[in-house]
$ cat final_28.cif   # mmCIF, C-alpha atoms
data_structure
#
loop_
_atom_site.label_atom_id
_atom_site.label_comp_id
_atom_site.auth_asym_id
_atom_site.auth_seq_id
_atom_site.Cartn_x
_atom_site.Cartn_y
_atom_site.Cartn_z
CA MET A 235 15.05 22.51 3.61
CA LYS A 236 16.23 19.73 1.33
CA CYS A 237 16.04 16.00 1.92
CA ALA A 238 19.06 14.25 3.37
CA PRO A 239 20.89 12.06 0.81
CA PHE A 240 19.39 8.62 0.13
CA ASP A 241 19.63 5.77 -2.35
CA TYR A 242 16.69 5.12 -4.68
CA LEU A 243 15.34 1.74 -5.81
CA ARG A 244 12.48 1.19 -8.24
CA ALA A 245 11.09 -2.17 -7.18
CA GLU A 246 9.52 -4.54 -9.69
CA SER A 247 7.93 -6.96 -7.22
CA VAL A 248 6.77 -7.22 -3.62
CA ASP A 249 9.59 -9.69 -2.93
CA GLU A 250 12.10 -7.09 -4.09
CA VAL A 251 10.54 -4.53 -1.72
CA VAL A 252 10.75 -6.92 1.21
CA LYS A 253 14.40 -7.76 0.48
CA ALA A 254 15.33 -4.08 0.16
CA LEU A 255 13.60 -3.25 3.45
CA SER A 256 15.35 -6.16 5.14
CA ASP A 257 18.74 -5.12 3.76
CA ALA A 258 18.15 -1.55 4.93
CA ASP A 259 17.86 -2.78 8.54
CA GLY A 260 15.16 -0.32 9.54
CA GLU A 261 16.53 2.56 7.47
CA GLY A 262 14.32 2.05 4.39
CA LYS A 263 11.15 3.91 3.44
CA ILE A 264 8.51 3.03 0.85
CA LEU A 265 7.60 5.64 -1.77
CA ALA A 266 4.08 5.37 -3.21
CA GLY A 267 2.19 8.65 -3.57
CA GLY A 268 4.68 10.55 -1.45
CA GLN A 269 2.07 12.96 -0.10
CA SER A 270 2.91 12.16 3.51
CA LEU A 271 6.50 11.01 3.11
CA VAL A 272 8.03 13.80 1.03
CA PRO A 273 7.16 16.65 3.47
CA VAL A 274 8.66 14.60 6.29
CA LEU A 275 11.82 14.05 4.26
CA ALA A 276 12.03 17.73 3.34
CA LEU A 277 11.90 18.68 7.03
CA ARG A 278 14.50 15.98 7.76
CA MET A 279 12.18 14.44 10.31
CA ALA A 280 13.08 11.15 8.57
CA ARG A 281 16.45 10.31 7.05
CA PRO A 282 16.15 6.92 5.34
CA SER A 283 19.17 5.35 3.69
CA VAL A 284 17.04 4.14 0.78
CA LEU A 285 13.68 5.00 -0.79
CA ILE A 286 11.93 2.04 -2.37
CA ASP A 287 9.54 3.09 -5.15
CA ILE A 288 6.65 0.63 -5.46
CA ASN A 289 4.67 2.41 -8.17
CA ARG A 290 5.67 0.00 -10.95
CA ILE A 291 4.70 -3.20 -9.12
CA PRO A 292 1.81 -4.91 -10.96
CA GLY A 293 -1.34 -5.86 -9.10
CA LEU A 294 -1.17 -3.33 -6.28
CA ALA A 295 -3.61 -0.85 -7.85
CA ALA A 296 -6.59 -3.18 -8.15
CA ILE A 297 -9.99 -2.95 -6.46
CA ARG A 298 -11.80 -6.26 -6.01
CA ALA A 299 -15.27 -6.71 -4.53
CA ASP A 300 -17.02 -9.79 -3.20
CA HIS A 301 -20.38 -10.23 -1.50
CA ASP A 302 -19.42 -8.61 1.83
CA ALA A 303 -16.17 -6.67 1.43
CA VAL A 304 -13.97 -4.69 -0.94
CA GLU A 305 -10.25 -5.36 -1.26
CA VAL A 306 -8.28 -2.22 -2.12
CA GLY A 307 -4.72 -2.50 -3.37
CA ALA A 308 -2.03 -0.47 -1.63
CA LEU A 309 -1.47 1.69 -4.75
CA VAL A 310 -5.12 2.64 -5.28
CA ARG A 311 -5.21 6.45 -5.41
CA HIS A 312 -7.76 8.40 -3.43
CA THR A 313 -9.41 9.56 -6.65
CA ARG A 314 -10.06 5.90 -7.53
CA LEU A 315 -11.71 5.41 -4.15
CA ILE A 316 -14.00 8.34 -4.91
CA GLU A 317 -14.91 6.95 -8.32
CA GLN A 318 -15.61 3.36 -7.23
CA THR A 319 -19.18 2.44 -6.30
CA GLU A 320 -18.67 -0.87 -4.50
CA HIS A 321 -18.02 0.76 -1.11
CA PRO A 322 -19.85 4.11 -0.79
CA MET A 323 -18.42 4.85 2.66
CA LEU A 324 -14.88 4.68 1.27
CA ALA A 325 -15.88 6.99 -1.56
CA GLU A 326 -17.34 9.54 0.87
CA ALA A 327 -14.30 9.42 3.18
CA ALA A 328 -11.88 9.86 0.28
CA ARG A 329 -13.67 13.06 -0.81
CA TRP A 330 -12.54 14.67 2.44
CA ILE A 331 -8.86 13.86 1.99
CA GLY A 332 -6.75 16.98 1.39
CA HIS A 333 -7.03 18.75 -1.95
CA THR A 334 -7.26 17.63 -5.58
CA ALA A 335 -3.52 17.17 -6.08
CA ILE A 336 -3.20 15.13 -2.90
CA ARG A 337 -6.15 12.92 -3.82
CA GLY A 338 -4.64 12.35 -7.25
CA ARG A 339 -1.31 11.09 -5.90
CA GLY A 340 -2.02 9.80 -2.40
CA THR A 341 -2.56 6.05 -1.98
CA THR A 342 -4.65 3.86 0.27
CA GLY A 343 -1.68 1.88 1.57
CA GLY A 344 0.34 5.02 2.17
CA SER A 345 -2.42 6.68 4.17
CA ILE A 346 -2.94 3.58 6.30
CA ALA A 347 0.78 3.00 6.90
CA HIS A 348 1.43 6.66 7.74
CA ALA A 349 -1.17 6.35 10.54
CA ASP A 350 -1.88 10.05 10.92
CA PRO A 351 -4.34 10.49 13.82
CA ALA A 352 -6.38 12.96 11.75
CA ALA A 353 -6.49 10.87 8.56
CA GLU A 354 -9.81 9.59 7.25
CA LEU A 355 -8.89 6.10 6.03
CA PRO A 356 -7.49 4.76 9.33
CA ALA A 357 -10.77 5.77 11.02
CA VAL A 358 -12.77 4.03 8.28
CA ALA A 359 -10.58 0.95 8.71
CA LEU A 360 -11.32 0.82 12.43
CA ALA A 361 -15.04 1.51 12.04
CA THR A 362 -15.50 -1.27 9.47
CA GLY A 363 -13.18 -3.81 11.08
CA ALA A 364 -10.85 -3.71 8.08
CA THR A 365 -7.78 -5.92 7.77
CA ALA A 366 -4.40 -5.30 6.16
CA SER A 367 -2.61 -7.88 4.04
CA VAL A 368 1.10 -7.56 4.76
CA ALA A 369 4.20 -9.09 3.18
CA GLY A 370 7.52 -9.44 4.97
CA SER A 371 10.61 -11.61 5.31
CA SER A 372 8.67 -14.12 7.40
CA GLY A 373 5.95 -14.42 4.78
CA THR A 374 2.50 -12.89 4.58
CA ARG A 375 0.08 -12.13 7.40
CA THR A 376 -3.17 -10.32 8.10
CA ILE A 377 -3.42 -7.53 10.68
CA THR A 378 -6.68 -6.14 11.99
CA ALA A 379 -7.12 -2.38 12.14
CA GLU A 380 -7.36 -2.63 15.94
CA ASP A 381 -3.86 -4.16 16.05
CA LEU A 382 -2.32 -2.12 13.24
CA PHE A 383 -2.42 1.38 14.72
CA THR A 384 -0.26 1.64 17.84
CA GLY A 385 0.36 5.39 18.17
CA ALA A 386 0.57 8.66 16.28
CA LEU A 387 2.34 7.92 12.98
CA THR A 388 3.16 4.45 14.34
CA THR A 389 1.98 0.98 13.34
CA SER A 390 2.73 -2.61 14.28
CA LEU A 391 4.39 -3.24 10.90
CA ALA A 392 7.89 -4.70 11.16
CA ASP A 393 10.75 -2.85 9.48
CA ASP A 394 10.75 -5.33 6.60
CA GLU A 395 6.97 -5.40 6.03
CA VAL A 396 4.82 -3.66 3.44
CA ILE A 397 1.04 -3.39 3.16
CA THR A 398 -0.11 -4.93 -0.12
CA SER A 399 -3.87 -4.42 0.25
CA MET A 400 -6.68 -3.49 2.64
CA ARG A 401 -9.93 -5.42 2.97
CA PHE A 402 -12.86 -3.20 3.99
CA PRO A 403 -16.12 -4.97 4.98
CA ARG A 404 -19.22 -3.31 3.53
CA PRO A 405 -21.60 -1.98 6.19
CA GLU A 406 -25.35 -2.38 5.89
CA ARG A 407 -25.79 1.23 7.01
CA TRP A 408 -23.21 3.92 7.52
CA GLY A 409 -22.68 7.57 8.30
CA PHE A 410 -19.66 9.86 7.96
CA ALA A 411 -19.18 13.34 9.45
CA GLU A 412 -16.05 15.45 9.68
CA PHE A 413 -15.18 18.87 11.08
CA ALA A 414 -12.19 20.85 9.79
CA ARG A 415 -11.48 24.56 9.82
CA ARG A 416 -11.48 24.61 6.02
CA HIS A 417 -12.14 21.92 3.45
CA GLY A 418 -8.86 20.12 2.85
CA ASP A 419 -7.42 20.94 6.28
CA PHE A 420 -6.59 18.16 8.71
CA ALA A 421 -9.72 17.01 10.49
CA LEU A 422 -10.22 18.13 14.05
CA VAL A 423 -12.80 15.36 14.54
CA THR A 424 -14.08 12.61 12.26
CA ALA A 425 -17.01 10.42 13.28
CA ILE A 426 -17.94 7.21 11.48
CA VAL A 427 -20.92 4.94 12.08
CA ALA A 428 -21.00 1.48 10.48
CA GLU A 429 -23.55 -1.27 10.95
CA LEU A 430 -22.05 -4.71 10.40
CA ASP A 431 -24.00 -7.93 10.95
CA GLY A 432 -26.67 -5.96 12.79
CA ALA A 433 -24.26 -4.33 15.26
CA VAL A 434 -23.42 -0.63 15.06
CA ARG A 435 -19.78 0.42 15.44
CA ILE A 436 -18.82 4.04 16.13
CA ALA A 437 -15.28 5.28 15.55
CA LEU A 438 -13.69 8.69 16.01
CA GLY A 439 -10.57 10.13 14.42
CA GLY A 440 -8.58 13.20 15.39
CA VAL A 441 -9.27 12.86 19.13
CA ALA A 442 -6.42 10.56 20.17
CA PRO A 443 -3.06 9.29 18.90
CA VAL A 444 -4.97 6.53 17.06
CA PRO A 445 -8.55 6.15 15.81
CA VAL A 446 -10.79 5.00 18.66
CA ARG A 447 -14.00 3.02 18.93
CA VAL A 448 -16.35 4.48 21.50
CA ALA A 449 -17.68 1.28 23.03
CA ASP A 450 -19.65 3.15 25.73
CA ALA A 451 -21.64 4.96 23.04
CA GLU A 452 -22.20 1.72 21.14
CA ARG A 453 -23.65 0.13 24.29
CA VAL A 454 -25.95 3.10 24.90
CA LEU A 455 -27.26 2.77 21.34
CA ALA A 456 -27.70 -1.00 21.63
CA ASP A 457 -29.68 -0.46 24.84
CA GLY A 458 -32.10 1.85 23.05
CA GLY A 459 -30.60 5.17 24.12
CA SER A 460 -31.40 8.36 22.25
CA VAL A 461 -29.06 9.88 19.69
CA ARG A 462 -28.33 12.64 22.20
CA ASP A 463 -27.36 10.09 24.85
CA VAL A 464 -25.17 8.19 22.38
CA ALA A 465 -23.37 11.38 21.31
CA HIS A 466 -22.88 12.39 24.95
CA ALA A 467 -21.45 8.98 25.81
CA ALA A 468 -19.02 9.21 22.90
CA ALA A 469 -17.81 12.64 23.97
CA GLU A 470 -17.39 11.50 27.57
CA GLN A 471 -15.34 8.44 26.62
CA ILE A 472 -12.65 10.26 24.67
CA LYS A 473 -9.76 12.21 26.18
CA PRO A 474 -8.69 14.66 23.48
CA THR A 475 -5.69 16.89 23.99
CA GLY A 476 -6.24 20.62 23.65
CA ASP A 477 -3.98 22.52 21.25
CA LEU A 478 -3.94 25.71 19.19
CA HIS A 479 -6.75 24.32 17.04
CA GLY A 480 -9.15 23.74 19.91
CA SER A 481 -9.39 23.09 23.62
CA GLU A 482 -10.37 19.74 25.14
CA PRO A 483 -13.98 20.88 25.83
CA PHE A 484 -14.23 22.21 22.27
CA ARG A 485 -13.13 18.89 20.77
CA ARG A 486 -15.55 16.99 23.00
CA ALA A 487 -18.43 19.20 21.88
CA ILE A 488 -17.46 18.81 18.22
CA ALA A 489 -17.16 15.03 18.68
CA ALA A 490 -20.69 14.86 20.08
CA GLU A 491 -22.05 16.87 17.15
CA MET A 492 -20.19 14.79 14.57
CA VAL A 493 -21.53 11.58 16.13
CA ARG A 494 -25.05 12.98 15.93
CA ARG A 495 -24.56 13.85 12.26
CA ALA A 496 -23.05 10.46 11.40
CA LEU A 497 -25.93 8.67 13.13
CA ALA A 498 -28.44 10.80 11.21
CA MET A 499 -26.67 10.01 7.91
CA ALA A 500 -26.92 6.31 8.77
CA GLY A 501 -30.65 6.69 9.35
CA ILE A 502 -30.37 6.08 13.10
CA ASP A 503 -32.58 8.34 15.20
#

$ encode --input "final_28.cif" --output "structure tokens"
Amino acid sequence: MKCAPFDYLRAESVDEVVKALSDADGEGKILAGGQSLVPVLALRMARPSVLIDINRIPGLAAIRADHDAVEVGALVRHTRLIEQTEHPMLAEAARWIGHTAIRGRGTTGGSIAHADPAAELPAVALATGATASVAGSSGTRTITAEDLFTGALTTSLADDEVITSMRFPRPERWGFAEFARRHGDFALVTAIVAELDGAVRIALGGVAPVPVRVADAERVLADGGSVRDVAHAAAEQIKPTGDLHGSEPFRRAIAAEMVRRALAMAGID
């Protein structure tokens, strides 16, 4: 299929993006890497009146590090995330995103805003307690990852808002494990372990409409439980939906194994 007709605007500033989104009254879409958006347009699952290209806006492709976090601009490509050394967990997660062409074009802001339940970066954002810097008609604001993702492919962003950067805290220890049928396929389960300020956070992707923190498993770990008990608690807390890729018991078993692997990678045994 072909995309439905739309107007095209190449924005030169964030303010211009916000105005265009406001003028579109909910019918505007932002074009960055296009790796998630273009297939949706081609299938006519979305029919925006205007596409707003943000690729020429200066300052949105920067990576800045301070003593405890890394700020990643919305236009930072996945290949840049792999190459950077300031946040090793981000680099590892980005290696699992799609294939080479997708990693070369896809952007951090686009992946976060698309909010695919199986995507790696939203799960990393939740595990690390990341925050999104957002610009809109009412000004700028910061949204936590917990408040940003509201459902499958759905966020709390207003129609006139755009993510300008993500701030990812750097964990003291971390582990990342993912299961997919083939490398580059959508993840069936992603497990992420991040230790921040001495507390271990465990997040899972691909098992619910949004990334989820498994608080029961975190409590078992904090109480001195074994890795096996922690993995079991994580699997018991989630309520995955069975589909053609795997039944509910299958996804629970995979989640437990991925949690075990992520804990081992983080040096927690």

$ resolve_selection --input "final_28.cif" --expression "the PyMOL selection byres ((chain A and resi 474) around 12)" --output "ChimeraX atom specification"
/A:351,422-423,438-446,468-473,475-477,479-489

$ closest_atom_pairs --input "final_28.cif" --of "segment 408-432 of chain A" --to "segment 319-324 of chain A" --cutoff "10 Å" --atoms "only C-alpha atoms" --output "CSV"
residue,atom,partner,partner_atom,distance
A:Trp408,CA,A:Met323,CA,6.9
A:Gly409,CA,A:Met323,CA,7.6
A:Phe410,CA,A:Met323,CA,7.4
A:Ile426,CA,A:Met323,CA,9.1
A:Val427,CA,A:Met323,CA,9.7
A:Ala428,CA,A:Met323,CA,8.9

$ residues_around --input "final_28.cif" --residues "Asp249 of chain A" --least-positions-apart "2" --cutoff "12 Å" --atoms "all atoms listed in the file" --output "list in words"
Ala245, Glu246, Ser247, Val251, Val252, Lys253, Ala254, Leu255, Ser256, Ile286, Ile288, Ile291, Val368, Ala369, Gly370, Ser371, Ser372, Gly373, Thr374, Asp394, Glu395, Val396 and Thr398 of chain A

$ residues_around --input "final_28.cif" --residues "segment 453-460 of chain A" --least-positions-apart "5" --cutoff "8 Å" --atoms "all atoms listed in the file" --output "number ranges by chain"
A: 433-434, 467, 503

$ write_last_selection --input "final_28.cif" --atoms "C-alpha atoms" --output "short mmCIF file (atom, residue, chain, number, x, y, z; two decimals), in the frame of the given file"
data_model
loop_
_atom_site.label_atom_id
_atom_site.label_comp_id
_atom_site.auth_asym_id
_atom_site.auth_seq_id
_atom_site.Cartn_x
_atom_site.Cartn_y
_atom_site.Cartn_z
CA ALA A 433 -24.26 -4.33 15.26
CA VAL A 434 -23.42 -0.63 15.06
CA ALA A 467 -21.45 8.98 25.81
CA ASP A 503 -32.58 8.34 15.20
#

$ resolve_selection --input "final_28.cif" --expression "the PyMOL selection byres ((chain A and resi 495) around 10)" --output "PyMOL selection string"
chain A and resi 409-412+425-427+461+465+489-494+496-502

$ residues_around --input "final_28.cif" --residues "Pro282 of chain A" --least-positions-apart "4" --cutoff "10 Å" --atoms "all atoms listed in the file" --output "count of residues only"
13

$ closest_atom_pairs --input "final_28.cif" --of "segment 397-463 of chain A" --to "segment 327-347 of chain A" --cutoff "7 Å" --atoms "all atoms listed in the file" --output "tab-separated table"
residue	atom	partner	partner_atom	distance
A:Ile397	CA	A:Gly343	CA	6.1
A:Ser399	CA	A:Gly343	CA	6.8
A:Gly418	CA	A:Gly332	CA	4.1
A:Asp419	CA	A:Gly332	CA	6.3

$ atom_distance --input "final_28.cif" --atom1 "atom CA of Ala449 of chain A" --atom2 "atom CA of Pro405 of chain A"
17.6 Å

$ closest_residue --input "final_28.cif" --among "A:Ala352, A:Asp393, A:Arg375, A:Val272" --to "Ala421 of chain A" --atoms "all atoms listed in the file"
A:Ala352

$ atom_distance --input "final_28.cif" --atom1 "atom CA of Asp257 of chain A" --atom2 "atom CA of Ala280 of chain A"
17.9 Å

$ closest_residue --input "final_28.cif" --among "A:Ala364, A:Ala357, A:Leu243, A:Val248" --to "Ile377 of chain A" --atoms "all atoms listed in the file"
A:Ala364

$ closest_residue --input "final_28.cif" --among "A:Glu250, A:Asp300, A:Glu317, A:Glu354" --to "Asp287 of chain A" --atoms "all atoms listed in the file"
A:Glu250

$ atom_distance --input "final_28.cif" --atom1 "atom CA of Asp259 of chain A" --atom2 "atom CA of Leu294 of chain A"
24.1 Å

$ closest_residue --input "final_28.cif" --among "A:Ala296, A:His417, A:Thr376, A:Phe402" --to "Arg314 of chain A" --atoms "all atoms listed in the file"
A:Ala296

$ closest_residue --input "final_28.cif" --among "A:Ala266, A:Leu430, A:Ala379, A:Val284" --to "Leu360 of chain A" --atoms "all atoms listed in the file"
A:Ala379

$ closest_residue --input "final_28.cif" --among "A:Ala361, A:Tyr242, A:Asp302, A:Ser390" --to "Val448 of chain A" --atoms "all atoms listed in the file"
A:Ala361

$ axis_aligned_box --input "final_28.cif" --around "segment 408-414 of chain A" --padding-each-side "4 Å" --output "lines of an AutoDock Vina configuration file"
center_x = -17.7
center_y = 12.4
center_z = 9.3
size_x = 19.0
size_y = 24.9
size_z = 11.6

$ residues_around --input "final_28.cif" --residues "Leu387 of chain A" --least-positions-apart "4" --cutoff "6 Å" --atoms "only C-alpha atoms" --output "list in words"
His348, Ala349 and Asp350 of chain A

$ decode --input "final_28.cif" --residues "segment 329-348 of chain A" --atoms "N, CA and C atoms" --output "PDB file, in the first residue's frame"
ATOM      1  N   ARG A 329      22.594  -2.545  20.585  1.00  0.00           N
ATOM      2  CA  ARG A 329      23.083  -3.610  19.694  1.00  0.00           C
ATOM      3  C   ARG A 329      21.985  -4.603  19.329  1.00  0.00           C
ATOM      4  N   TRP A 330      20.953  -4.679  20.151  1.00  0.00           N
ATOM      5  CA  TRP A 330      19.877  -5.641  19.925  1.00  0.00           C
ATOM      6  C   TRP A 330      18.736  -5.062  19.107  1.00  0.00           C
ATOM      7  N   ILE A 331      18.816  -3.796  18.752  1.00  0.00           N
ATOM      8  CA  ILE A 331      17.727  -3.159  18.018  1.00  0.00           C
ATOM      9  C   ILE A 331      17.799  -3.532  16.536  1.00  0.00           C
ATOM     10  N   GLY A 332      16.796  -4.239  16.046  1.00  0.00           N
ATOM     11  CA  GLY A 332      16.638  -4.498  14.618  1.00  0.00           C
ATOM     12  C   GLY A 332      17.891  -4.964  13.915  1.00  0.00           C
ATOM     13  N   HIS A 333      18.079  -4.444  12.698  1.00  0.00           N
ATOM     14  CA  HIS A 333      19.214  -4.780  11.855  1.00  0.00           C
ATOM     15  C   HIS A 333      20.034  -3.520  11.571  1.00  0.00           C
ATOM     16  N   THR A 334      21.117  -3.688  10.823  1.00  0.00           N
ATOM     17  CA  THR A 334      22.063  -2.590  10.606  1.00  0.00           C
ATOM     18  C   THR A 334      21.394  -1.340  10.047  1.00  0.00           C
ATOM     19  N   ALA A 335      20.553  -1.505   9.042  1.00  0.00           N
ATOM     20  CA  ALA A 335      19.903  -0.344   8.427  1.00  0.00           C
ATOM     21  C   ALA A 335      19.003   0.378   9.416  1.00  0.00           C
ATOM     22  N   ILE A 336      18.302  -0.373  10.238  1.00  0.00           N
ATOM     23  CA  ILE A 336      17.420   0.232  11.230  1.00  0.00           C
ATOM     24  C   ILE A 336      18.240   0.976  12.274  1.00  0.00           C
ATOM     25  N   ARG A 337      19.336   0.373  12.722  1.00  0.00           N
ATOM     26  CA  ARG A 337      20.169   1.038  13.726  1.00  0.00           C
ATOM     27  C   ARG A 337      20.817   2.299  13.170  1.00  0.00           C
ATOM     28  N   GLY A 338      21.054   2.323  11.866  1.00  0.00           N
ATOM     29  CA  GLY A 338      21.674   3.488  11.252  1.00  0.00           C
ATOM     30  C   GLY A 338      20.738   4.671  11.099  1.00  0.00           C
ATOM     31  N   ARG A 339      19.436   4.415  11.025  1.00  0.00           N
ATOM     32  CA  ARG A 339      18.468   5.493  10.835  1.00  0.00           C
ATOM     33  C   ARG A 339      17.619   5.766  12.076  1.00  0.00           C
ATOM     34  N   GLY A 340      17.300   4.715  12.829  1.00  0.00           N
ATOM     35  CA  GLY A 340      16.431   4.875  13.983  1.00  0.00           C
ATOM     36  C   GLY A 340      17.020   5.794  15.031  1.00  0.00           C
ATOM     37  N   THR A 341      16.168   6.504  15.751  1.00  0.00           N
ATOM     38  CA  THR A 341      16.604   7.495  16.735  1.00  0.00           C
ATOM     39  C   THR A 341      16.112   7.153  18.134  1.00  0.00           C
ATOM     40  N   THR A 342      16.819   7.687  19.111  1.00  0.00           N
ATOM     41  CA  THR A 342      16.450   7.464  20.507  1.00  0.00           C
ATOM     42  C   THR A 342      15.067   8.035  20.807  1.00  0.00           C
ATOM     43  N   GLY A 343      14.840   9.288  20.426  1.00  0.00           N
ATOM     44  CA  GLY A 343      13.545   9.906  20.688  1.00  0.00           C
ATOM     45  C   GLY A 343      12.413   9.196  19.983  1.00  0.00           C
ATOM     46  N   GLY A 344      12.668   8.747  18.758  1.00  0.00           N
ATOM     47  CA  GLY A 344      11.630   8.046  18.010  1.00  0.00           C
ATOM     48  C   GLY A 344      11.253   6.735  18.656  1.00  0.00           C
ATOM     49  N   SER A 345      12.248   5.979  19.102  1.00  0.00           N
ATOM     50  CA  SER A 345      11.984   4.702  19.753  1.00  0.00           C
ATOM     51  C   SER A 345      11.201   4.893  21.040  1.00  0.00           C
ATOM     52  N   ILE A 346      11.577   5.887  21.827  1.00  0.00           N
ATOM     53  CA  ILE A 346      10.880   6.149  23.081  1.00  0.00           C
ATOM     54  C   ILE A 346       9.446   6.593  22.811  1.00  0.00           C
ATOM     55  N   ALA A 347       9.268   7.533  21.887  1.00  0.00           N
ATOM     56  CA  ALA A 347       7.933   8.072  21.609  1.00  0.00           C
ATOM     57  C   ALA A 347       7.015   7.036  20.973  1.00  0.00           C
ATOM     58  N   HIS A 348       7.581   6.115  20.190  1.00  0.00           N
ATOM     59  CA  HIS A 348       6.760   5.082  19.548  1.00  0.00           C
ATOM     60  C   HIS A 348       6.205   4.106  20.585  1.00  0.00           C
TER      61      HIS A 348
END
